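Okay, my_file.csv is below, CSV, C-alpha atoms and all ligand atoms:
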```csv
chain,number,residue,atom,x,y,z
A,515,MET,CA,-10.1,20.0,-35.5
A,516,ARG,CA,-7.0,20.5,-33.4
A,517,SER,CA,-3.7,20.6,-35.3
A,518,LYS,CA,-1.2,17.9,-34.7
A,519,LYS,CA,2.1,19.3,-33.4
A,520,ARG,CA,5.7,18.0,-33.5
A,521,VAL,CA,6.4,18.0,-29.8
A,522,ALA,CA,9.8,17.5,-28.1
A,523,VAL,CA,9.5,16.3,-24.5
A,524,VAL,CA,12.8,17.0,-22.9
A,525,GLY,CA,13.4,14.5,-20.1
A,526,GLY,CA,12.8,10.8,-19.9
A,527,GLY,CA,12.2,10.5,-16.1
A,528,VAL,CA,8.8,9.8,-14.6
A,529,VAL,CA,7.5,13.3,-15.4
A,530,GLY,CA,8.6,13.4,-19.1
A,531,LEU,CA,7.5,9.8,-19.9
A,532,THR,CA,4.1,10.4,-18.3
A,533,CYS,CA,3.7,13.6,-20.3
A,534,ALA,CA,4.7,11.8,-23.5
A,535,TYR,CA,2.1,9.1,-22.8
A,536,ARG,CA,-0.7,11.6,-22.3
A,537,ILE,CA,-0.1,13.8,-25.3
A,538,SER,CA,1.0,11.2,-27.9
A,539,ASP,CA,-2.7,10.5,-28.9
A,540,ASP,CA,-2.9,14.0,-30.3
A,541,HIS,CA,0.6,14.9,-31.3
A,542,SER,CA,3.8,13.5,-32.8
A,543,VAL,CA,6.1,13.2,-29.8
A,544,CYS,CA,9.8,12.6,-29.3
A,545,VAL,CA,11.3,12.2,-25.8
A,546,ILE,CA,14.8,13.6,-25.7
A,547,GLY,CA,16.9,13.0,-22.6
A,548,GLU,CA,20.4,12.2,-21.5
A,549,ARG,CA,19.0,9.3,-19.4
A,550,ILE,CA,15.7,7.6,-20.2
A,551,GLY,CA,13.2,5.6,-18.1
A,552,PRO,CA,15.0,3.3,-15.5
A,553,GLU,CA,18.3,5.1,-16.2
A,554,SER,CA,16.8,8.5,-15.1
A,555,ASP,CA,17.1,9.6,-11.5
A,556,SER,CA,13.4,8.8,-11.1
A,557,TRP,CA,14.3,5.2,-10.4
A,558,LYS,CA,15.6,6.3,-7.0
A,559,ALA,CA,12.2,7.4,-5.6
A,560,THR,CA,10.8,5.2,-2.8
A,561,ALA,CA,7.7,6.2,-4.8
A,562,VAL,CA,4.9,6.2,-2.4
A,563,TRP,CA,2.0,8.5,-3.3
A,564,HIS,CA,2.2,11.6,-1.1
A,565,VAL,CA,2.5,15.4,-1.2
A,566,TYR,CA,6.0,16.2,0.1
A,567,LEU,CA,8.5,19.0,-0.4
A,568,VAL,CA,6.1,21.0,-2.7
A,569,PRO,CA,3.8,23.8,-1.6
A,570,GLU,CA,0.4,22.3,-1.0
A,571,THR,CA,-1.5,24.7,-3.3
A,572,GLU,CA,-5.0,23.9,-4.7
A,573,GLU,CA,-3.4,23.2,-8.1
A,574,VAL,CA,-0.9,20.7,-6.5
A,575,LEU,CA,-3.6,18.9,-4.7
A,576,SER,CA,-5.7,18.6,-7.9
A,577,TRP,CA,-2.6,17.1,-9.7
A,578,ALA,CA,-2.1,14.7,-6.8
A,579,GLN,CA,-5.8,13.7,-7.0
A,580,ARG,CA,-5.8,13.1,-10.7
A,581,SER,CA,-2.6,11.0,-10.4
A,582,LEU,CA,-4.0,9.0,-7.6
A,583,GLY,CA,-7.0,8.0,-9.8
A,584,MET,CA,-4.6,6.8,-12.5
A,585,PHE,CA,-2.5,4.8,-10.0
A,586,TYR,CA,-5.5,3.0,-8.6
A,587,GLU,CA,-6.1,1.8,-12.2
A,588,LEU,CA,-2.5,0.9,-12.7
A,589,ALA,CA,-2.4,-1.0,-9.4
A,590,GLN,CA,-5.1,-3.4,-10.8
A,591,ASP,CA,-2.4,-4.9,-13.0
A,592,SER,CA,0.5,-4.5,-10.6
A,593,SER,CA,2.7,-7.3,-12.0
A,594,LYS,CA,2.8,-5.5,-15.3
A,595,THR,CA,2.9,-1.9,-14.2
A,596,GLY,CA,5.0,-2.1,-11.0
A,597,VAL,CA,2.4,-0.1,-9.0
A,598,GLU,CA,0.6,-1.6,-6.0
A,599,LEU,CA,-1.4,-0.3,-3.0
A,600,VAL,CA,0.3,-0.2,0.3
A,601,GLN,CA,-0.9,0.7,3.8
A,602,GLY,CA,1.1,2.9,6.1
A,603,VAL,CA,1.2,4.9,9.3
A,604,GLU,CA,2.9,8.3,9.5
A,605,LEU,CA,3.9,9.5,13.0
A,606,PHE,CA,4.7,13.0,14.2
A,607,ARG,CA,6.5,14.2,17.3
A,608,ARG,CA,6.0,17.9,16.8
A,609,GLY,CA,3.0,20.2,17.0
A,610,SER,CA,-0.6,19.3,17.7
A,611,PRO,CA,-2.7,16.9,15.5
A,612,GLN,CA,-3.2,18.4,12.1
A,613,VAL,CA,-5.4,16.9,9.4
A,614,PRO,CA,-3.3,17.2,6.1
A,615,THR,CA,-4.7,19.4,3.4
A,616,TRP,CA,-4.9,16.3,1.1
A,617,SER,CA,-6.6,13.9,3.5
A,618,HIS,CA,-9.8,13.8,1.4
A,619,ILE,CA,-8.0,12.4,-1.6
A,620,PRO,CA,-7.0,8.8,-0.8
A,621,ARG,CA,-9.7,6.1,-0.4
A,622,LEU,CA,-8.4,5.3,3.1
A,623,PHE,CA,-7.2,8.0,5.5
A,624,GLU,CA,-7.7,8.0,9.2
A,625,MET,CA,-6.2,10.1,12.0
A,626,LEU,CA,-4.9,7.9,14.8
A,627,THR,CA,-6.8,8.0,18.0
A,628,PRO,CA,-5.0,9.0,21.2
A,629,GLU,CA,-5.1,5.3,22.2
A,630,GLN,CA,-3.5,4.3,18.9
A,631,VAL,CA,-0.8,7.0,19.3
A,632,ALA,CA,0.0,5.7,22.8
A,633,THR,CA,1.0,2.3,21.3
A,634,TYR,CA,3.9,4.1,19.5
A,635,ASN,CA,5.3,5.4,22.8
A,636,PRO,CA,6.4,2.1,24.5
A,637,ALA,CA,8.3,2.4,27.9
A,638,VAL,CA,10.7,-0.3,26.8
A,639,VAL,CA,11.9,-1.6,23.4
A,640,ASP,CA,13.9,-4.9,23.3
A,641,GLY,CA,17.5,-4.2,22.5
A,642,LEU,CA,17.3,-0.4,22.7
A,643,PRO,CA,19.7,1.3,25.2
A,644,SER,CA,18.1,3.2,28.1
A,645,ASP,CA,19.6,6.5,26.7
A,646,ASP,CA,17.7,6.0,23.5
A,647,MET,CA,14.5,5.3,25.4
A,648,ALA,CA,15.0,8.5,27.5
A,649,MET,CA,15.5,10.5,24.4
A,650,LEU,CA,12.3,9.1,22.8
A,651,ALA,CA,10.4,9.8,26.0
A,652,ARG,CA,11.4,13.4,25.7
A,653,HIS,CA,10.1,13.5,22.1
A,654,PRO,CA,7.0,11.3,22.2
A,655,VAL,CA,4.8,10.6,19.2
A,656,ARG,CA,2.0,13.1,19.5
A,657,TRP,CA,-0.2,12.3,16.5
A,658,GLY,CA,-0.3,10.5,13.3
A,659,TYR,CA,-2.5,9.0,10.6
A,660,ARG,CA,-3.1,5.7,8.7
A,661,ILE,CA,-3.3,5.7,4.9
A,662,GLU,CA,-3.6,3.4,2.0
A,663,ALA,CA,-1.7,4.7,-1.0
A,664,PRO,CA,-0.2,3.5,-4.3
A,665,ALA,CA,3.5,2.8,-4.4
A,666,ALA,CA,5.7,1.8,-7.3
A,667,ARG,CA,8.8,-0.3,-7.8
A,668,MET,CA,10.3,2.4,-9.9
A,669,ASP,CA,12.6,0.3,-12.1
A,670,ARG,CA,9.6,-1.8,-13.2
A,671,TYR,CA,7.2,1.2,-13.4
A,672,LEU,CA,9.6,3.3,-15.5
A,673,SER,CA,10.3,0.3,-17.8
A,674,TRP,CA,6.5,-0.1,-18.2
A,675,LEU,CA,6.2,3.6,-19.0
A,676,GLU,CA,9.0,3.6,-21.5
A,677,GLU,CA,7.6,0.5,-23.3
A,678,SER,CA,4.1,2.0,-23.3
A,679,VAL,CA,5.2,5.3,-24.9
A,680,ARG,CA,7.2,3.4,-27.5
A,681,ASN,CA,4.1,1.3,-28.3
A,682,LYS,CA,2.3,4.7,-28.8
A,683,HIS,CA,4.8,5.5,-31.5
A,684,VAL,CA,6.7,8.0,-29.4
A,685,GLU,CA,10.3,8.3,-30.6
A,686,VAL,CA,13.0,8.2,-27.9
A,687,SER,CA,16.4,9.9,-28.4
A,688,ARG,CA,19.3,9.8,-25.9
A,689,GLN,CA,21.1,13.1,-26.0
A,690,ARG,CA,22.3,15.9,-23.7
A,691,LEU,CA,21.2,19.4,-24.6
A,692,ALA,CA,23.1,22.6,-23.8
A,693,ALA,CA,20.0,24.7,-24.5
A,694,LEU,CA,16.4,24.1,-25.3
A,695,SER,CA,16.7,26.3,-28.4
A,696,GLU,CA,18.7,23.5,-30.1
A,697,LEU,CA,15.3,22.0,-30.8
A,698,GLU,CA,13.6,25.0,-32.4
A,699,SER,CA,14.1,24.0,-36.0
A,700,GLU,CA,12.8,20.5,-35.8
A,701,PHE,CA,9.7,20.9,-33.5
A,702,ASP,CA,6.7,23.1,-33.0
A,703,LEU,CA,6.7,22.9,-29.2
A,704,ILE,CA,9.0,21.9,-26.3
A,705,ILE,CA,7.8,20.4,-23.0
A,706,ASN,CA,10.6,20.9,-20.5
A,707,CYS,CA,10.6,17.9,-18.0
A,708,SER,CA,14.3,18.1,-17.2
A,709,GLY,CA,13.9,17.7,-13.4
A,710,PHE,CA,16.9,19.0,-11.6
A,711,GLY,CA,18.6,19.5,-15.0
A,712,ALA,CA,16.4,22.6,-15.4
A,713,ARG,CA,18.8,24.5,-13.0
A,714,GLU,CA,21.3,24.7,-15.9
A,715,LEU,CA,19.2,24.1,-18.9
A,716,VAL,CA,16.7,27.0,-18.4
A,717,PRO,CA,18.7,28.2,-16.3
A,718,ASP,CA,16.6,28.4,-13.1
A,719,ARG,CA,18.3,29.4,-9.8
A,720,ASP,CA,15.2,28.5,-7.8
A,721,CYS,CA,16.0,24.8,-8.2
A,722,VAL,CA,17.2,23.4,-4.9
A,723,PRO,CA,18.5,19.8,-4.3
A,724,TYR,CA,17.3,17.8,-1.3
A,725,LYS,CA,19.4,14.7,-0.9
A,726,GLY,CA,17.8,11.4,0.1
A,727,GLN,CA,19.3,8.1,1.1
A,728,TYR,CA,18.0,4.6,2.0
A,729,PHE,CA,19.0,1.0,2.3
A,730,VAL,CA,17.2,-1.9,0.5
A,731,LEU,CA,16.4,-5.3,2.1
A,732,LYS,CA,14.7,-8.3,0.6
A,733,ARG,CA,11.2,-9.0,2.0
A,734,ALA,CA,11.2,-12.3,3.9
A,735,ASP,CA,9.2,-14.3,6.5
A,736,GLY,CA,8.2,-12.0,9.3
A,737,SER,CA,9.0,-8.8,7.5
A,738,PRO,CA,6.4,-6.0,8.0
A,739,SER,CA,3.6,-5.4,5.5
A,740,VAL,CA,2.7,-1.8,6.7
A,741,TYR,CA,5.0,1.1,6.1
A,742,ILE,CA,5.9,3.4,9.0
A,743,GLY,CA,7.2,7.0,8.7
A,744,ASP,CA,8.7,8.8,11.7
A,745,ASP,CA,10.0,12.0,10.1
A,746,ASP,CA,10.5,13.8,13.5
A,747,HIS,CA,12.5,10.9,15.2
A,748,PRO,CA,14.9,12.8,17.4
A,749,GLY,CA,17.8,10.9,15.9
A,750,GLY,CA,16.8,12.0,12.4
A,751,MET,CA,14.1,11.1,9.8
A,752,ALA,CA,13.2,7.4,9.9
A,753,TYR,CA,11.1,5.3,7.6
A,754,MET,CA,10.6,1.7,6.6
A,755,ILE,CA,8.6,1.0,3.5
A,756,PRO,CA,7.8,-2.5,2.3
A,757,ARG,CA,6.6,-2.7,-1.3
A,758,PHE,CA,6.7,-5.6,-3.7
A,759,ASP,CA,9.6,-7.8,-2.8
A,760,GLU,CA,11.7,-5.1,-1.0
A,761,VAL,CA,11.8,-3.2,2.2
A,762,MET,CA,13.3,0.3,2.0
A,763,VAL,CA,14.9,1.7,5.1
A,764,GLY,CA,15.9,5.3,5.5
A,765,GLY,CA,16.3,8.1,5.4
A,766,CYS,CA,17.1,11.8,5.1
A,767,ALA,CA,16.1,15.1,3.3
A,768,GLU,CA,19.2,17.3,3.3
A,769,GLN,CA,18.5,20.7,1.8
A,770,GLY,CA,21.2,22.1,-0.5
A,771,LYS,CA,23.1,18.8,-0.8
A,772,GLU,CA,23.6,17.4,-4.2
A,773,ASP,CA,26.6,15.0,-3.8
A,774,LEU,CA,25.8,11.3,-4.2
A,775,GLN,CA,28.0,10.1,-1.3
A,776,LEU,CA,26.4,7.6,1.1
A,777,THR,CA,26.6,9.2,4.5
A,778,LEU,CA,23.7,7.3,6.1
A,779,ASP,CA,24.9,5.0,8.9
A,780,TRP,CA,23.5,1.4,8.8
A,781,THR,CA,23.4,0.9,12.6
A,782,ASP,CA,21.8,4.3,13.3
A,783,THR,CA,19.3,4.0,10.6
A,784,ILE,CA,18.2,0.5,11.5
A,785,ARG,CA,17.9,1.5,15.2
A,786,ARG,CA,15.7,4.5,14.2
A,787,ALA,CA,13.5,2.9,11.5
A,788,GLY,CA,13.3,-0.4,13.5
A,789,LEU,CA,11.9,1.2,16.6
A,790,PHE,CA,8.5,-0.4,15.9
A,791,VAL,CA,9.8,-3.4,13.8
A,792,PRO,CA,11.7,-6.1,15.6
A,793,TRP,CA,12.3,-7.9,12.3
A,794,LEU,CA,14.3,-4.9,11.2
A,795,ARG,CA,16.4,-4.7,14.3
A,796,ASP,CA,17.4,-8.3,13.7
A,797,ARG,CA,18.8,-7.6,10.2
A,798,SER,CA,22.5,-7.2,9.5
A,799,GLN,CA,24.3,-5.2,6.8
A,800,SER,CA,24.8,-8.4,4.7
A,801,ASP,CA,21.0,-8.7,4.4
A,802,GLN,CA,20.9,-5.8,1.9
A,803,SER,CA,19.5,-7.0,-1.4
A,804,ARG,CA,21.1,-4.2,-3.5
A,805,PRO,CA,23.4,-1.2,-2.9
A,806,PRO,CA,22.1,1.7,-0.9
A,807,VAL,CA,20.3,4.4,-2.9
A,808,VAL,CA,21.4,8.0,-2.8
A,809,GLY,CA,19.4,10.5,-4.9
A,810,ILE,CA,18.4,14.1,-5.2
A,811,ARG,CA,14.8,15.3,-4.9
A,812,PRO,CA,14.4,18.1,-7.6
A,813,CYS,CA,12.9,20.8,-5.4
A,814,ARG,CA,12.2,24.4,-6.3
A,815,THR,CA,11.7,27.3,-3.9
A,816,LYS,CA,8.7,28.6,-5.9
A,817,GLY,CA,7.2,25.1,-6.2
A,818,VAL,CA,6.5,23.1,-9.4
A,819,ARG,CA,7.0,25.2,-12.5
A,820,LEU,CA,4.2,24.3,-14.9
A,821,GLU,CA,3.6,27.2,-17.4
A,822,SER,CA,4.2,28.4,-20.9
A,823,ASP,CA,7.3,30.4,-21.7
A,824,TYR,CA,7.9,32.2,-25.0
A,825,SER,CA,11.3,33.6,-24.1
A,826,LEU,CA,13.7,30.7,-24.5
A,827,ALA,CA,13.3,29.6,-28.1
A,828,ARG,CA,11.6,30.6,-31.3
A,829,ILE,CA,9.0,28.0,-30.5
A,830,PRO,CA,6.9,27.9,-27.2
A,831,VAL,CA,8.2,26.0,-24.2
A,832,ILE,CA,5.9,24.5,-21.6
A,833,HIS,CA,7.8,23.9,-18.3
A,834,ASN,CA,7.0,20.9,-16.1
A,835,TYR,CA,9.7,20.5,-13.5
A,836,GLY,CA,10.6,21.1,-9.8
A,837,HIS,CA,8.4,18.3,-8.4
A,838,GLY,CA,10.5,17.9,-5.2
A,839,GLY,CA,9.6,14.8,-3.3
A,840,SER,CA,6.4,14.3,-5.2
A,841,GLY,CA,7.3,13.7,-8.9
A,842,PHE,CA,5.8,10.3,-9.0
A,843,SER,CA,2.7,11.4,-7.1
A,844,LEU,CA,2.0,14.4,-9.3
A,845,SER,CA,3.0,13.0,-12.6
A,846,TRP,CA,-0.4,12.2,-14.2
A,847,GLY,CA,-2.1,15.3,-13.0
A,848,CYS,CA,0.8,17.5,-14.3
A,849,ALA,CA,0.6,15.7,-17.7
A,850,GLU,CA,-3.1,16.6,-18.0
A,851,ALA,CA,-2.3,20.2,-17.1
A,852,VAL,CA,0.4,20.2,-19.9
A,853,GLN,CA,-2.3,18.8,-22.3
A,854,ALA,CA,-4.5,21.8,-21.4
A,855,LEU,CA,-1.7,24.3,-21.9
A,856,ILE,CA,-1.0,22.8,-25.4
A,857,ARG,CA,-4.6,23.3,-26.3
A,858,ALA,CA,-4.3,27.0,-25.3
A,859,ILE,CA,-1.3,27.6,-27.6
A,901,LIG,C1,15.3,9.2,-2.0
A,901,LIG,C2,14.1,9.7,-2.8
A,901,LIG,C3,12.9,9.3,-2.5
A,901,LIG,C4,11.8,9.8,-3.2
A,901,LIG,N1,10.5,9.4,-2.9
A,901,LIG,C5,9.4,9.8,-3.5
A,901,LIG,C6,8.1,9.3,-3.2
A,901,LIG,O1,8.0,8.5,-2.3
A,901,LIG,N2,7.1,9.8,-3.9
A,901,LIG,C7,7.2,10.7,-4.9
A,901,LIG,O2,6.2,11.1,-5.6
A,901,LIG,N3,8.5,11.2,-5.3
A,901,LIG,C8,9.5,10.8,-4.6
A,901,LIG,N4,10.8,11.3,-4.9
A,901,LIG,C9,10.9,12.4,-5.9
A,901,LIG,C10,10.9,11.9,-7.3
A,901,LIG,O3,11.9,10.9,-7.5
A,901,LIG,C11,11.2,13.1,-8.2
A,901,LIG,O4,10.3,14.1,-7.9
A,901,LIG,C12,10.9,12.7,-9.7
A,901,LIG,O5,11.7,11.5,-10.0
A,901,LIG,C13,11.3,13.8,-10.6
A,901,LIG,O6,11.1,13.3,-11.9
A,901,LIG,P1,11.6,14.1,-13.2
A,901,LIG,O7,11.2,13.2,-14.4
A,901,LIG,O8,11.2,15.5,-13.1
A,901,LIG,O9,13.2,14.1,-13.1
A,901,LIG,P2,14.3,13.0,-13.5
A,901,LIG,O10,13.9,11.6,-13.2
A,901,LIG,O11,15.6,13.5,-12.9
A,901,LIG,O12,14.4,13.2,-15.1
A,901,LIG,C14,15.0,14.3,-15.7
A,901,LIG,C15,15.2,13.9,-17.1
A,901,LIG,O13,15.7,15.1,-17.8
A,901,LIG,C16,16.9,14.7,-18.5
A,901,LIG,N5,17.8,15.9,-18.6
A,901,LIG,C17,18.1,16.8,-17.6
A,901,LIG,N6,19.0,17.7,-18.1
A,901,LIG,C18,19.1,17.4,-19.4
A,901,LIG,C19,19.9,18.0,-20.5
A,901,LIG,N7,20.6,19.1,-20.3
A,901,LIG,N8,19.9,17.4,-21.7
A,901,LIG,C20,19.1,16.3,-21.9
A,901,LIG,N9,18.4,15.7,-20.9
A,901,LIG,C21,18.4,16.3,-19.7
A,901,LIG,C22,17.5,13.6,-17.7
A,901,LIG,O14,18.5,12.8,-18.4
A,901,LIG,C23,16.2,12.8,-17.4
A,901,LIG,O15,15.8,12.1,-18.5
A,901,LIG,C24,11.9,10.8,-4.2
A,901,LIG,C25,13.2,11.2,-4.6
A,901,LIG,C26,14.3,10.7,-3.9
A,901,LIG,C27,15.7,11.1,-4.3
```

Can you present the structure in this file as structure tokens?
Ligand SMILES: Cc1cc2nc3c(=O)[nH]c(=O)nc-3n(C[C@H](O)[C@H](O)[C@H](O)COP(=O)(O)OP(=O)(O)OC[C@H]3O[C@@H](n4cnc5c(N)ncnc54)[C@H](O)[C@@H]3O)c2cc1C
Amino acid sequence: MRSKKRVAVVGGGVVGLTCAYRISDDHSVCVIGERIGPESDSWKATAVWHVYLVPETEEVLSWAQRSLGMFYELAQDSSKTGVELVQGVELFRRGSPQVPTWSHIPRLFEMLTPEQVATYNPAVVDGLPSDDMAMLARHPVRWGYRIEAPAARMDRYLSWLEESVRNKHVEVSRQRLAALSELESEFDLIINCSGFGARELVPDRDCVPYKGQYFVLKRADGSPSVYIGDDDHPGGMAYMIPRFDEVMVGGCAEQGKEDLQLTLDWTDTIRRAGLFVPWLRDRSQSDQSRPPVVGIRPCRTKGVRLESDYSLARIPVIHNYGHGGSGFSLSWGCAEAVQALIRAI
């Protein structure tokens, strides 16, 4: 019989809570974090399942696949879990068509045909100045794909996760740690899910921030139902993601930036993201349903750190941080990998 351990999960974001959920059947678990659940930075994720800003290794793809399976289940009860399935189109203006390494994972994935791609290169768009049209003509959409993927309204999903772990008798403690070794006398094992906080807590100099920003509108009559990503838009990254009762419009991925100042310009963003969505071009700044979101994707130059470490405290530490732009998407697969590492200790 496996022995029950006293486990401290450091971090109450999507990664830590998911880990706590997975391991709490076998162990006595306490989640320790400065900010827990919907208060953690995870609430800022647009939270569409994808593999983004993490190296696409076999391991990462297997975590993404395991997570996707779980999200399909959670989406069956979307009003409770805050997870639903959305359809989207991702467009690319650089390089030649490239089937993504993870294309076999979602239930629906189709490369766009040349005819479909052509529909994203219109000669005229109502309301767009001719200078903009000339710039777009110099950088046409070259390829793209259609996908169905799970997406979460993170405030609801994190609340559901937090409530679920509490129902599984996981203790939750709000506190800031200066070092993981503070926990060595009370626990047998630490799971370090401190996100970008790992930069100081471990400390780990490979942690790199990638700032992201977006506006949030209320869904209304005529609003789109399919999301569109246009990362290579010559004016800067552009996306429009409808999920549940909101439409998120962004965005950016600024390497090395960790300030939380809003620098995204409303008019520019709407013009870029609204290129294929007349409804969006008709919105005004007062149509925003809540304040703009500015967050940090917790990236790491060496990719996700998921491994045991015996050097930081008198008890073992299992690291699970550095999920970049994919923390939601990898969370369940990583929690299973942590479970396997605990068995090996
Ligand atoms: C704009 C934006 C869009 C995104 N879109 C997507 C997307 O579409 N899909 C996707 O999969 N991902 C997306 N992401 C990325 C995703 O949000 C992150 O990868 C994920 O939230 C990381 O979760 P985490 O639990 O590791 O970190 P966090 O949510 O930051 O949690 C870290 C936890 O550790 C605690 N902590 C840290 N340091 C200490 C300390 N010293 N003492 C005590 N506690 C500490 C914190 O309080 C918190 O509880 C997006 C991110 C941004 C900013």

query = With all atoms listed in the file as the atoms that count, which of A:Gly743, A:Pro614, A:Gly527, A:Gly839 lies nearest to A:Leu789?
reply =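 Ranked by minimum distance to A:Leu789, first place goes to A:Gly743.
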
Using 6 Å as the limit and counting only C-alpha atoms and all ligand atoms, can you tabulate each residue of chain A that touches ligand LIG 901 (chain A), with its shortest atom-to-atom distance in Å and the two atoms involved, as JSON lines?
```
{"residue": "A:Gly525", "atom": "CA", "partner": "A:LIG901", "partner_atom": "O13", "distance": 3.3}
{"residue": "A:Gly526", "atom": "CA", "partner": "A:LIG901", "partner_atom": "O15", "distance": 3.6}
{"residue": "A:Gly527", "atom": "CA", "partner": "A:LIG901", "partner_atom": "O7", "distance": 3.3}
{"residue": "A:Val528", "atom": "CA", "partner": "A:LIG901", "partner_atom": "O7", "distance": 4.2}
{"residue": "A:Val529", "atom": "CA", "partner": "A:LIG901", "partner_atom": "O7", "distance": 3.8}
{"residue": "A:Gly530", "atom": "CA", "partner": "A:LIG901", "partner_atom": "O7", "distance": 5.4}
{"residue": "A:Gly547", "atom": "CA", "partner": "A:LIG901", "partner_atom": "N9", "distance": 3.5}
{"residue": "A:Glu548", "atom": "CA", "partner": "A:LIG901", "partner_atom": "O14", "distance": 3.7}
{"residue": "A:Arg549", "atom": "CA", "partner": "A:LIG901", "partner_atom": "O14", "distance": 3.7}
{"residue": "A:Ile550", "atom": "CA", "partner": "A:LIG901", "partner_atom": "O15", "distance": 4.8}
{"residue": "A:Ser554", "atom": "CA", "partner": "A:LIG901", "partner_atom": "O10", "distance": 4.7}
{"residue": "A:Asp555", "atom": "CA", "partner": "A:LIG901", "partner_atom": "O10", "distance": 4.1}
{"residue": "A:Ser556", "atom": "CA", "partner": "A:LIG901", "partner_atom": "O5", "distance": 3.4}
{"residue": "A:Lys558", "atom": "CA", "partner": "A:LIG901", "partner_atom": "C27", "distance": 5.5}
{"residue": "A:Ala559", "atom": "CA", "partner": "A:LIG901", "partner_atom": "C4", "distance": 3.4}
{"residue": "A:Thr560", "atom": "CA", "partner": "A:LIG901", "partner_atom": "N1", "distance": 4.2}
{"residue": "A:Ala561", "atom": "CA", "partner": "A:LIG901", "partner_atom": "O1", "distance": 3.4}
{"residue": "A:Val562", "atom": "CA", "partner": "A:LIG901", "partner_atom": "O1", "distance": 3.9}
{"residue": "A:Trp563", "atom": "CA", "partner": "A:LIG901", "partner_atom": "N2", "distance": 5.3}
{"residue": "A:His564", "atom": "CA", "partner": "A:LIG901", "partner_atom": "N2", "distance": 5.9}
{"residue": "A:Gln689", "atom": "CA", "partner": "A:LIG901", "partner_atom": "C20", "distance": 5.6}
{"residue": "A:Arg690", "atom": "CA", "partner": "A:LIG901", "partner_atom": "N8", "distance": 3.5}
{"residue": "A:Leu691", "atom": "CA", "partner": "A:LIG901", "partner_atom": "N8", "distance": 3.8}
{"residue": "A:Ala692", "atom": "CA", "partner": "A:LIG901", "partner_atom": "N7", "distance": 5.5}
{"residue": "A:Cys707", "atom": "CA", "partner": "A:LIG901", "partner_atom": "O8", "distance": 5.5}
{"residue": "A:Ser708", "atom": "CA", "partner": "A:LIG901", "partner_atom": "O13", "distance": 3.4}
{"residue": "A:Gly709", "atom": "CA", "partner": "A:LIG901", "partner_atom": "O8", "distance": 3.5}
{"residue": "A:Phe710", "atom": "CA", "partner": "A:LIG901", "partner_atom": "O11", "distance": 5.8}
{"residue": "A:Gly711", "atom": "CA", "partner": "A:LIG901", "partner_atom": "N6", "distance": 3.6}
{"residue": "A:Leu715", "atom": "CA", "partner": "A:LIG901", "partner_atom": "N7", "distance": 5.4}
{"residue": "A:Gly726", "atom": "CA", "partner": "A:LIG901", "partner_atom": "C1", "distance": 3.9}
{"residue": "A:Gln727", "atom": "CA", "partner": "A:LIG901", "partner_atom": "C1", "distance": 5.2}
{"residue": "A:Gly809", "atom": "CA", "partner": "A:LIG901", "partner_atom": "C27", "distance": 3.8}
{"residue": "A:Ile810", "atom": "CA", "partner": "A:LIG901", "partner_atom": "C27", "distance": 4.1}
{"residue": "A:Arg811", "atom": "CA", "partner": "A:LIG901", "partner_atom": "C27", "distance": 4.3}
{"residue": "A:Pro812", "atom": "CA", "partner": "A:LIG901", "partner_atom": "O4", "distance": 5.7}
{"residue": "A:Tyr835", "atom": "CA", "partner": "A:LIG901", "partner_atom": "O8", "distance": 5.2}
{"residue": "A:His837", "atom": "CA", "partner": "A:LIG901", "partner_atom": "O4", "distance": 4.6}
{"residue": "A:Gly838", "atom": "CA", "partner": "A:LIG901", "partner_atom": "O4", "distance": 4.7}
{"residue": "A:Gly839", "atom": "CA", "partner": "A:LIG901", "partner_atom": "C9", "distance": 3.8}
{"residue": "A:Ser840", "atom": "CA", "partner": "A:LIG901", "partner_atom": "O2", "distance": 3.2}
{"residue": "A:Gly841", "atom": "CA", "partner": "A:LIG901", "partner_atom": "O4", "distance": 3.2}
{"residue": "A:Phe842", "atom": "CA", "partner": "A:LIG901", "partner_atom": "O2", "distance": 3.5}
{"residue": "A:Ser843", "atom": "CA", "partner": "A:LIG901", "partner_atom": "O2", "distance": 3.8}
```

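Proximity to A:Ala666 was assessed for A:Leu622, A:Ala787, A:Ile704, A:Val600 counting only C-alpha atoms; the smallest distance is recorded for A:Val600.
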
Show me, as a tab-separated table (two decimals) with C-alpha atoms, in the coordinates of the input, the residues that have an atom within 6 Å of stretch 847-849 of chain A when counting all atoms listed in the file, minus same-chain residues fewer than 3 positions from it.
```
chain	number	residue	atom	x	y	z
A	533	CYS	CA	3.70	13.60	-20.30
A	577	TRP	CA	-2.60	17.10	-9.70
A	580	ARG	CA	-5.80	13.10	-10.70
A	581	SER	CA	-2.60	11.00	-10.40
A	844	LEU	CA	2.00	14.40	-9.30
A	852	VAL	CA	0.40	20.20	-19.90
```

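Between A:Cys813 and the residues A:Asp720, A:Glu714, A:Glu570, A:Glu676, the shortest atom-to-atom distance, using all atoms listed in the file, involves A:Asp720.
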
key: Nearest to A:Glu698, chosen from A:Ile619, A:Met762, A:Ala734, A:Val521, with all atoms listed in the file counted in the distances   =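 Of A:Ile619, A:Met762, A:Ala734, A:Val521, the one nearest A:Glu698, counting all atoms listed in the file, is A:Val521.
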
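Here atom CA of A:Leu820 is placed at a distance of 15.1 Å from atom CA of A:Pro717.
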
message = With only C-alpha atoms as the counted atoms, please give the residues lying no more than 8 Å from stretch 638-652 of chain A, apart from itself and same-chain residues fewer than 2 positions off, as number ranges by chain.
response = A: 635-636, 654, 747-748, 785, 789

ask   = Interatomic distance between atom CA of A:Ala827 and atom CA of A:Leu703?
value =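 Spanning atom CA of A:Ala827 to atom CA of A:Leu703 is a straight-line distance of 9.5 Å.
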